[in-house]
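Coordinates as given in target-v7.cif (mmCIF, C-alpha atoms):
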data_target
loop_
_atom_site.label_atom_id
_atom_site.label_comp_id
_atom_site.auth_asym_id
_atom_site.auth_seq_id
_atom_site.Cartn_x
_atom_site.Cartn_y
_atom_site.Cartn_z
CA MET A 1 2.10 -29.42 10.92
CA SER A 2 -1.55 -29.40 9.92
CA LYS A 3 -2.64 -26.72 7.51
CA VAL A 4 -5.47 -24.23 7.80
CA HIS A 5 -8.01 -23.65 5.04
CA ILE A 6 -8.43 -19.99 4.07
CA GLU A 7 -10.60 -18.16 1.57
CA LEU A 8 -9.94 -14.52 0.77
CA THR A 9 -10.23 -12.00 -2.01
CA VAL A 10 -7.08 -10.29 -3.23
CA ASN A 11 -7.35 -7.45 -5.74
CA GLY A 12 -10.88 -8.57 -6.62
CA LYS A 13 -9.96 -12.21 -7.23
CA ALA A 14 -11.08 -15.04 -4.93
CA HIS A 15 -8.39 -17.36 -3.56
CA GLU A 16 -8.70 -20.57 -1.58
CA SER A 17 -5.63 -22.14 0.00
CA LEU A 18 -4.25 -24.41 2.64
CA VAL A 19 -1.57 -22.64 4.68
CA GLU A 20 0.54 -23.46 7.69
CA PRO A 21 -0.81 -21.57 10.71
CA ARG A 22 2.54 -19.75 11.09
CA THR A 23 2.61 -18.38 7.53
CA LEU A 24 2.74 -14.61 7.58
CA LEU A 25 0.40 -12.80 5.21
CA ILE A 26 3.33 -11.10 3.43
CA HIS A 27 4.85 -14.51 2.65
CA TYR A 28 1.51 -15.90 1.48
CA LEU A 29 0.98 -12.95 -0.86
CA ARG A 30 4.50 -13.10 -2.28
CA GLU A 31 5.20 -16.83 -2.34
CA ASP A 32 1.81 -18.47 -2.80
CA LEU A 33 0.05 -15.83 -4.91
CA GLY A 34 3.11 -14.38 -6.66
CA LEU A 35 2.17 -10.82 -5.69
CA THR A 36 5.64 -9.45 -5.02
CA GLY A 37 4.75 -5.74 -4.97
CA ALA A 38 4.51 -5.57 -1.18
CA HIS A 39 8.06 -5.73 0.10
CA ILE A 40 9.57 -7.43 3.10
CA GLY A 41 11.49 -4.78 4.98
CA CYS A 42 12.00 -4.93 8.71
CA GLU A 43 9.65 -7.87 9.47
CA THR A 44 8.74 -6.11 12.72
CA GLY A 45 5.96 -3.78 11.58
CA HIS A 46 8.08 -0.64 11.78
CA CYS A 47 8.90 0.24 8.18
CA GLY A 48 5.59 -0.19 6.31
CA ALA A 49 7.12 -1.67 3.13
CA CYS A 50 4.64 -4.55 3.40
CA THR A 51 1.52 -2.39 3.80
CA VAL A 52 -1.67 -3.72 2.24
CA ASP A 53 -5.31 -2.73 2.65
CA ILE A 54 -7.47 -5.29 4.44
CA ASP A 55 -11.20 -4.73 4.75
CA GLY A 56 -10.73 -0.96 4.59
CA MET A 57 -7.74 -0.68 6.91
CA SER A 58 -4.03 -0.27 6.26
CA VAL A 59 -2.23 -3.31 7.65
CA LYS A 60 1.43 -4.22 7.76
CA SER A 61 1.24 -7.71 6.35
CA CYS A 62 4.37 -8.88 8.18
CA THR A 63 2.44 -8.58 11.45
CA MET A 64 -0.47 -10.82 10.48
CA PHE A 65 -0.82 -14.50 9.78
CA ALA A 66 -2.44 -15.51 6.50
CA ALA A 67 -4.98 -17.52 8.53
CA GLN A 68 -6.06 -14.30 10.27
CA ALA A 69 -6.99 -12.88 6.86
CA ASN A 70 -9.52 -15.65 6.23
CA GLY A 71 -12.62 -14.08 4.68
CA ALA A 72 -10.90 -10.74 4.11
CA ASP A 73 -10.87 -8.46 1.09
CA ILE A 74 -7.27 -7.42 0.43
CA LEU A 75 -5.85 -4.75 -1.84
CA THR A 76 -2.15 -4.85 -2.74
CA ILE A 77 -0.19 -2.48 -4.96
CA GLU A 78 -0.94 -4.79 -7.89
CA GLY A 79 -4.64 -3.95 -7.52
CA VAL A 80 -4.31 -0.16 -7.35
CA ALA A 81 -4.09 0.53 -11.10
CA ALA A 82 -7.16 0.15 -13.30
CA PRO A 83 -7.70 -3.30 -14.87
CA ASP A 84 -6.62 -1.90 -18.24
CA GLY A 85 -3.28 -0.82 -16.73
CA THR A 86 -4.10 2.87 -16.42
CA LEU A 87 -2.22 4.21 -13.44
CA HIS A 88 -4.13 5.35 -10.38
CA ALA A 89 -3.76 9.06 -9.58
CA LEU A 90 -1.39 8.14 -6.75
CA GLN A 91 0.87 6.13 -9.02
CA GLU A 92 0.83 8.98 -11.52
CA GLY A 93 1.54 11.45 -8.72
CA PHE A 94 4.56 9.51 -7.51
CA ARG A 95 5.89 9.50 -11.07
CA GLU A 96 5.12 13.14 -11.86
CA MET A 97 6.25 14.58 -8.51
CA HIS A 98 9.34 12.35 -8.22
CA GLY A 99 7.97 10.74 -5.06
CA LEU A 100 10.30 7.78 -5.23
CA GLN A 101 13.99 7.10 -5.49
CA CYS A 102 14.98 3.51 -4.80
CA GLY A 103 11.29 2.48 -4.84
CA TYR A 104 11.48 0.00 -1.98
CA CYS A 105 8.95 1.83 0.20
CA THR A 106 6.79 2.96 -2.72
CA PRO A 107 4.25 0.10 -2.91
CA GLY A 108 3.47 0.29 0.80
CA MET A 109 3.46 4.08 0.70
CA ILE A 110 1.00 4.15 -2.21
CA VAL A 111 -1.34 1.59 -0.63
CA ARG A 112 -1.30 3.57 2.64
CA ALA A 113 -1.90 6.84 0.77
CA HIS A 114 -4.76 5.16 -1.12
CA ARG A 115 -6.51 4.43 2.19
CA LEU A 116 -5.66 7.90 3.52
CA LEU A 117 -7.34 9.56 0.55
CA GLN A 118 -10.42 7.37 0.98
CA GLU A 119 -10.64 8.44 4.62
CA ASN A 120 -9.79 12.08 3.91
CA PRO A 121 -10.03 13.11 0.22
CA ARG A 122 -8.49 16.56 0.77
CA PRO A 123 -5.85 16.19 3.50
CA THR A 124 -3.59 19.03 4.53
CA GLU A 125 0.17 18.60 4.38
CA ALA A 126 0.21 17.92 8.13
CA GLU A 127 -2.55 15.31 7.76
CA ILE A 128 -0.63 13.61 4.95
CA ARG A 129 2.55 13.53 7.01
CA ALA A 130 0.65 12.08 9.98
CA GLY A 131 -1.18 9.63 7.72
CA ILE A 132 2.00 8.17 6.26
CA SER A 133 4.03 8.34 9.47
CA GLY A 134 3.97 4.56 9.85
CA ASN A 135 5.71 4.12 6.50
CA LEU A 136 9.42 4.87 6.38
CA CYS A 137 11.42 6.10 3.42
CA ARG A 138 15.18 6.22 3.64
CA CYS A 139 15.77 8.07 0.37
CA THR A 140 13.41 10.96 -0.33
CA GLY A 141 13.05 13.12 2.74
CA TYR A 142 9.26 12.80 2.20
CA GLN A 143 8.72 16.20 0.54
CA ASN A 144 8.06 14.74 -2.91
CA ILE A 145 5.97 11.92 -1.43
CA VAL A 146 3.75 14.56 0.19
CA LYS A 147 3.54 16.43 -3.13
CA ALA A 148 2.63 13.19 -4.91
CA ILE A 149 -0.26 12.59 -2.50
CA GLN A 150 -1.40 16.22 -2.85
CA TYR A 151 -1.25 15.81 -6.64
CA ALA A 152 -3.40 12.66 -6.44
CA ALA A 153 -5.91 14.30 -4.07
CA ALA A 154 -6.34 17.21 -6.49
CA LYS A 155 -6.65 14.92 -9.51
CA LEU A 156 -9.22 12.69 -7.79
CA ALA A 157 -11.21 15.81 -6.85
CA GLY A 158 -11.08 17.02 -10.47
CA GLU A 159 -9.03 20.06 -9.53
CA PRO A 160 -5.72 21.27 -10.92
CA PHE A 161 -2.70 20.61 -8.72
CA GLN A 162 -1.21 23.81 -7.39
CA GLU A 163 2.21 23.42 -5.81
CA ALA A 164 2.81 25.60 -2.79
CA ALA A 165 5.32 28.40 -3.28
CA GLU A 166 8.61 27.69 -1.58
#
File written out as structure tokens:
Amino acid sequence: MSKVHIELTVNGKAHESLVEPRTLLIHYLREDLGLTGAHIGCETGHCGACTVDIDGMSVKSCTMFAAQANGADILTIEGVAAPDGTLHALQEGFREMHGLQCGYCTPGMIVRAHRLLQENPRPTEAEIRAGISGNLCRCTGYQNIVKAIQYAAAKLAGEPFQEAAE
């Protein structure tokens, strides 16, 4: 099978590769680039474990061929933290608010939440729940994930996080 030449930027770093036309983006990221943060879950686009940000949009990388990403700017979970390793407010929020249990959905959830907060810096609880509805978590019941995103939104806005009274 002849290969396709692609050039893309992943987490700020340029990459140039030859890939088989049938190579899924998730497999290219994990196997060719060694970026194993995005997980392979359902391989049908339903769970969101493979979510990455492509040219300003959340994309489930199991639904896209690497060749389709030619010329794209991609952000994976590995690119969310600062270059010096300082956690992003979302990563900190997931840690502080106990927004993860097994952690399998966490990379995709954080990358999706990252885009959500860029689109809507101060989302309501309902907007957060709608915004992450394409990413499934089998462990947490979502309450602490929502709190983690609220925590990050407040921190990014320079405001103290105030948990709602239960």
- request: Find the residues around A:Asn135 up to 7 Å (all atoms listed in the file counted), leave out those fewer than 5 positions away in its own chain, and share them as a list of chain:residue names.
  value: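 Result of the neighbour search: A:Cys47, A:Gly48, A:Ala49, A:Met109.
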- request: Might you pull out every residue within 8 Å of A:Ala113, with all atoms listed in the file counted and same-chain residues fewer than 3 positions away left off, and present them as a list in words?
  value: Leu90, Met109, Ile110, Leu116, Leu117, Gly131, Ile132 and Ile149 of chain A
Keeping C-alpha atoms for every residue in the selection just given, could you write it to a file as a PDB file, keeping the file's coordinate frame?
ATOM      1  CA  LEU A  90      -1.390   8.140  -6.750  1.00  0.00           C
ATOM      2  CA  MET A 109       3.460   4.080   0.700  1.00  0.00           C
ATOM      3  CA  ILE A 110       1.000   4.150  -2.210  1.00  0.00           C
ATOM      4  CA  LEU A 116      -5.660   7.900   3.520  1.00  0.00           C
ATOM      5  CA  LEU A 117      -7.340   9.560   0.550  1.00  0.00           C
ATOM      6  CA  GLY A 131      -1.180   9.630   7.720  1.00  0.00           C
ATOM      7  CA  ILE A 132       2.000   8.170   6.260  1.00  0.00           C
ATOM      8  CA  ILE A 149      -0.260  12.590  -2.500  1.00  0.00           C
TER       9      ILE A 149
END
task: Would you translate the PyMOL selection byres ((chain A and resi 145) around 9) into the concrete set of residues it matches in this file, as a PyMOL selection string?
output: chain A and resi 93-94+97-100+109+140-144+146-150
With C-alpha atoms retained, could you export that selection as an mmCIF file, in the coordinates of the input?
data_model
loop_
_atom_site.group_PDB
_atom_site.id
_atom_site.type_symbol
_atom_site.label_atom_id
_atom_site.label_comp_id
_atom_site.auth_asym_id
_atom_site.auth_seq_id
_atom_site.Cartn_x
_atom_site.Cartn_y
_atom_site.Cartn_z
ATOM 1 C CA GLY A 93 1.540 11.450 -8.720
ATOM 2 C CA PHE A 94 4.560 9.510 -7.510
ATOM 3 C CA MET A 97 6.250 14.580 -8.510
ATOM 4 C CA HIS A 98 9.340 12.350 -8.220
ATOM 5 C CA GLY A 99 7.970 10.740 -5.060
ATOM 6 C CA LEU A 100 10.300 7.780 -5.230
ATOM 7 C CA MET A 109 3.460 4.080 0.700
ATOM 8 C CA THR A 140 13.410 10.960 -0.330
ATOM 9 C CA GLY A 141 13.050 13.120 2.740
ATOM 10 C CA TYR A 142 9.260 12.800 2.200
ATOM 11 C CA GLN A 143 8.720 16.200 0.540
ATOM 12 C CA ASN A 144 8.060 14.740 -2.910
ATOM 13 C CA VAL A 146 3.750 14.560 0.190
ATOM 14 C CA LYS A 147 3.540 16.430 -3.130
ATOM 15 C CA ALA A 148 2.630 13.190 -4.910
ATOM 16 C CA ILE A 149 -0.260 12.590 -2.500
ATOM 17 C CA GLN A 150 -1.400 16.220 -2.850
#
- request: Rank A:Gly37, A:Gln91, A:Lys155, A:Asp55 by their smallest atom-to-atom distance to A:Gly71, using only C-alpha atoms, and report the top residue only.
  value: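 Of all the options, A:Asp55 lies closest to A:Gly71.
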Determine the residue set returned by the PyMOL selection byres ((chain A and resi 13) around 12) for the present structure, and present it as an mmCIF file with C-alpha atoms, keeping the file's coordinate frame.
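This went into part36.cif:
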data_model
loop_
_atom_site.group_PDB
_atom_site.id
_atom_site.type_symbol
_atom_site.label_atom_id
_atom_site.label_comp_id
_atom_site.auth_asym_id
_atom_site.auth_seq_id
_atom_site.Cartn_x
_atom_site.Cartn_y
_atom_site.Cartn_z
ATOM 1 C CA GLU A 7 -10.600 -18.160 1.570
ATOM 2 C CA LEU A 8 -9.940 -14.520 0.770
ATOM 3 C CA THR A 9 -10.230 -12.000 -2.010
ATOM 4 C CA VAL A 10 -7.080 -10.290 -3.230
ATOM 5 C CA ASN A 11 -7.350 -7.450 -5.740
ATOM 6 C CA GLY A 12 -10.880 -8.570 -6.620
ATOM 7 C CA ALA A 14 -11.080 -15.040 -4.930
ATOM 8 C CA HIS A 15 -8.390 -17.360 -3.560
ATOM 9 C CA GLU A 16 -8.700 -20.570 -1.580
ATOM 10 C CA LEU A 33 0.050 -15.830 -4.910
ATOM 11 C CA ALA A 72 -10.900 -10.740 4.110
ATOM 12 C CA ASP A 73 -10.870 -8.460 1.090
ATOM 13 C CA ILE A 74 -7.270 -7.420 0.430
ATOM 14 C CA LEU A 75 -5.850 -4.750 -1.840
ATOM 15 C CA THR A 76 -2.150 -4.850 -2.740
ATOM 16 C CA GLU A 78 -0.940 -4.790 -7.890
ATOM 17 C CA GLY A 79 -4.640 -3.950 -7.520
ATOM 18 C CA PRO A 83 -7.700 -3.300 -14.870
#
- request: Tell me, in Å to one decimal, how far atom CA of A:His88 is from atom CA of A:Pro160.
  value: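 Spanning atom CA of A:His88 to atom CA of A:Pro160 is a straight-line distance of 16.0 Å.
When the PyMOL selection byres ((chain A and resi 18-20) around 12) is evaluated on the file shown here, the picked residues come out as Met1, Ser2, Lys3, Val4, His5, Ile6, Glu7, Leu8, His15, Glu16, Ser17, Pro21, Arg22, Thr23, Leu24, Leu25, His27, Tyr28, Leu29, Glu31, Asp32, Leu33, Phe65, Ala66, Ala67, Gln68, Ala69 and Asn70 of chain A.
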query: Which of these residues is nearest to A:Arg95, using all atoms listed in the file: A:Gly45, A:Glu163, A:Ile77, A:Tyr151?
result: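 When distances to A:Arg95 are compared using all atoms listed in the file, the smallest one comes from A:Tyr151.
Residue nearest A:Val59 within the list A:Pro121, A:Gly108, A:Gly34, A:Gly158: A:Gly108 [criterion: smallest interatomic distance, all atoms listed in the file].
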From A:Cys137, A:Glu96, A:Arg129, A:Arg112, residue lying nearest A:Val80 [all atoms listed in the file]: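 For A:Val80, the nearest of the candidates is A:Arg112.
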- prompt: Looking at A:Thr51, A:Cys139, A:His39, A:Ser61, which one is nearest to A:Cys102, with distances taken over all atoms listed in the file?
  reply: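 For A:Cys102, the nearest of the given residues is A:Cys139.
Of note, atom CA of A:Ala153 and atom CA of A:Arg122 are spaced 5.9 Å apart.
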For atom CA of A:Gly56 and atom CA of A:Arg138, the interatomic separation in Å (one decimal):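 Separation of atom CA of A:Gly56 and atom CA of A:Arg138: 26.9 Å.
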If you keep all heavy atoms, can you output stretch 53-65 of chain A as a PDB file, in the first residue's frame?
ATOM      1  N   ASP A  53      -7.640  18.090  20.425  1.00  0.00           N
ATOM      2  CA  ASP A  53      -8.090  19.368  19.884  1.00  0.00           C
ATOM      3  C   ASP A  53      -7.386  19.577  18.546  1.00  0.00           C
ATOM      4  O   ASP A  53      -6.154  19.527  18.486  1.00  0.00           O
ATOM      5  CB  ASP A  53      -7.724  20.497  20.858  1.00  0.00           C
ATOM      6  CG  ASP A  53      -8.482  21.761  20.561  1.00  0.00           C
ATOM      7  OD1 ASP A  53      -9.602  21.909  21.074  1.00  0.00           O
ATOM      8  OD2 ASP A  53      -7.945  22.607  19.827  1.00  0.00           O
ATOM      9  N   ILE A  54      -8.162  19.739  17.494  1.00  0.00           N
ATOM     10  CA  ILE A  54      -7.594  19.925  16.157  1.00  0.00           C
ATOM     11  C   ILE A  54      -8.107  21.237  15.588  1.00  0.00           C
ATOM     12  O   ILE A  54      -9.309  21.404  15.393  1.00  0.00           O
ATOM     13  CB  ILE A  54      -7.957  18.763  15.211  1.00  0.00           C
ATOM     14  CG1 ILE A  54      -7.448  17.435  15.792  1.00  0.00           C
ATOM     15  CG2 ILE A  54      -7.374  19.003  13.818  1.00  0.00           C
ATOM     16  CD1 ILE A  54      -7.820  16.221  14.978  1.00  0.00           C
ATOM     17  N   ASP A  55      -7.177  22.150  15.355  1.00  0.00           N
ATOM     18  CA  ASP A  55      -7.511  23.453  14.774  1.00  0.00           C
ATOM     19  C   ASP A  55      -8.694  24.110  15.489  1.00  0.00           C
ATOM     20  O   ASP A  55      -9.608  24.641  14.877  1.00  0.00           O
ATOM     21  CB  ASP A  55      -7.797  23.327  13.278  1.00  0.00           C
ATOM     22  CG  ASP A  55      -6.565  22.947  12.472  1.00  0.00           C
ATOM     23  OD1 ASP A  55      -5.441  23.262  12.914  1.00  0.00           O
ATOM     24  OD2 ASP A  55      -6.722  22.321  11.401  1.00  0.00           O
ATOM     25  N   GLY A  56      -8.691  24.037  16.825  1.00  0.00           N
ATOM     26  CA  GLY A  56      -9.707  24.708  17.612  1.00  0.00           C
ATOM     27  C   GLY A  56     -11.012  23.968  17.759  1.00  0.00           C
ATOM     28  O   GLY A  56     -12.016  24.563  18.134  1.00  0.00           O
ATOM     29  N   MET A  57     -11.006  22.657  17.484  1.00  0.00           N
ATOM     30  CA  MET A  57     -12.223  21.858  17.648  1.00  0.00           C
ATOM     31  C   MET A  57     -11.880  20.565  18.373  1.00  0.00           C
ATOM     32  O   MET A  57     -10.836  19.963  18.113  1.00  0.00           O
ATOM     33  CB  MET A  57     -12.833  21.509  16.281  1.00  0.00           C
ATOM     34  CG  MET A  57     -13.418  22.686  15.546  1.00  0.00           C
ATOM     35  SD  MET A  57     -14.068  22.257  13.900  1.00  0.00           S
ATOM     36  CE  MET A  57     -14.899  20.740  14.158  1.00  0.00           C
ATOM     37  N   SER A  58     -12.776  20.133  19.255  1.00  0.00           N
ATOM     38  CA  SER A  58     -12.608  18.830  19.889  1.00  0.00           C
ATOM     39  C   SER A  58     -12.943  17.753  18.872  1.00  0.00           C
ATOM     40  O   SER A  58     -14.000  17.803  18.233  1.00  0.00           O
ATOM     41  CB  SER A  58     -13.540  18.687  21.095  1.00  0.00           C
ATOM     42  OG  SER A  58     -13.176  19.584  22.110  1.00  0.00           O
ATOM     43  N   VAL A  59     -12.040  16.783  18.731  1.00  0.00           N
ATOM     44  CA  VAL A  59     -12.215  15.715  17.755  1.00  0.00           C
ATOM     45  C   VAL A  59     -11.889  14.389  18.414  1.00  0.00           C
ATOM     46  O   VAL A  59     -10.896  14.277  19.143  1.00  0.00           O
ATOM     47  CB  VAL A  59     -11.295  15.931  16.525  1.00  0.00           C
ATOM     48  CG1 VAL A  59     -11.373  14.765  15.560  1.00  0.00           C
ATOM     49  CG2 VAL A  59     -11.637  17.233  15.818  1.00  0.00           C
ATOM     50  N   LYS A  60     -12.700  13.398  18.157  1.00  0.00           N
ATOM     51  CA  LYS A  60     -12.409  12.043  18.622  1.00  0.00           C
ATOM     52  C   LYS A  60     -11.479  11.425  17.589  1.00  0.00           C
ATOM     53  O   LYS A  60     -11.867  11.150  16.458  1.00  0.00           O
ATOM     54  CB  LYS A  60     -13.702  11.275  18.810  1.00  0.00           C
ATOM     55  CG  LYS A  60     -14.528  11.905  19.936  1.00  0.00           C
ATOM     56  CD  LYS A  60     -15.880  11.291  20.078  1.00  0.00           C
ATOM     57  CE  LYS A  60     -16.645  12.017  21.182  1.00  0.00           C
ATOM     58  NZ  LYS A  60     -18.011  11.528  21.299  1.00  0.00           N
ATOM     59  N   SER A  61     -10.233  11.237  17.992  1.00  0.00           N
ATOM     60  CA  SER A  61      -9.190  10.872  17.047  1.00  0.00           C
ATOM     61  C   SER A  61      -9.311   9.455  16.508  1.00  0.00           C
ATOM     62  O   SER A  61      -8.606   9.093  15.569  1.00  0.00           O
ATOM     63  CB  SER A  61      -7.810  11.096  17.668  1.00  0.00           C
ATOM     64  OG  SER A  61      -7.637  10.322  18.833  1.00  0.00           O
ATOM     65  N   CYS A  62     -10.242   8.664  17.035  1.00  0.00           N
ATOM     66  CA  CYS A  62     -10.477   7.338  16.468  1.00  0.00           C
ATOM     67  C   CYS A  62     -11.402   7.407  15.259  1.00  0.00           C
ATOM     68  O   CYS A  62     -11.610   6.409  14.577  1.00  0.00           O
ATOM     69  CB  CYS A  62     -11.047   6.382  17.517  1.00  0.00           C
ATOM     70  SG  CYS A  62     -12.792   6.645  17.913  1.00  0.00           S
ATOM     71  N   THR A  63     -11.940   8.594  14.986  1.00  0.00           N
ATOM     72  CA  THR A  63     -12.878   8.749  13.867  1.00  0.00           C
ATOM     73  C   THR A  63     -12.247   9.473  12.682  1.00  0.00           C
ATOM     74  O   THR A  63     -12.944   9.825  11.743  1.00  0.00           O
ATOM     75  CB  THR A  63     -14.132   9.541  14.303  1.00  0.00           C
ATOM     76  OG1 THR A  63     -13.744  10.873  14.650  1.00  0.00           O
ATOM     77  CG2 THR A  63     -14.832   8.872  15.469  1.00  0.00           C
ATOM     78  N   MET A  64     -10.949   9.678  12.745  1.00  0.00           N
ATOM     79  CA  MET A  64     -10.271  10.484  11.728  1.00  0.00           C
ATOM     80  C   MET A  64      -8.990   9.781  11.293  1.00  0.00           C
ATOM     81  O   MET A  64      -8.260   9.240  12.124  1.00  0.00           O
ATOM     82  CB  MET A  64      -9.951  11.843  12.339  1.00  0.00           C
ATOM     83  CG  MET A  64      -9.296  12.824  11.431  1.00  0.00           C
ATOM     84  SD  MET A  64      -9.082  14.394  12.335  1.00  0.00           S
ATOM     85  CE  MET A  64      -8.688  15.458  10.965  1.00  0.00           C
ATOM     86  N   PHE A  65      -8.730   9.811  10.012  1.00  0.00           N
ATOM     87  CA  PHE A  65      -7.471   9.280   9.511  1.00  0.00           C
ATOM     88  C   PHE A  65      -6.362  10.303   9.733  1.00  0.00           C
ATOM     89  O   PHE A  65      -6.594  11.512   9.672  1.00  0.00           O
ATOM     90  CB  PHE A  65      -7.571   8.945   8.016  1.00  0.00           C
ATOM     91  CG  PHE A  65      -8.511   7.822   7.708  1.00  0.00           C
ATOM     92  CD1 PHE A  65      -9.665   8.047   6.985  1.00  0.00           C
ATOM     93  CD2 PHE A  65      -8.242   6.533   8.149  1.00  0.00           C
ATOM     94  CE1 PHE A  65     -10.543   7.017   6.697  1.00  0.00           C
ATOM     95  CE2 PHE A  65      -9.110   5.492   7.873  1.00  0.00           C
ATOM     96  CZ  PHE A  65     -10.266   5.727   7.138  1.00  0.00           C
TER      97      PHE A  65
END
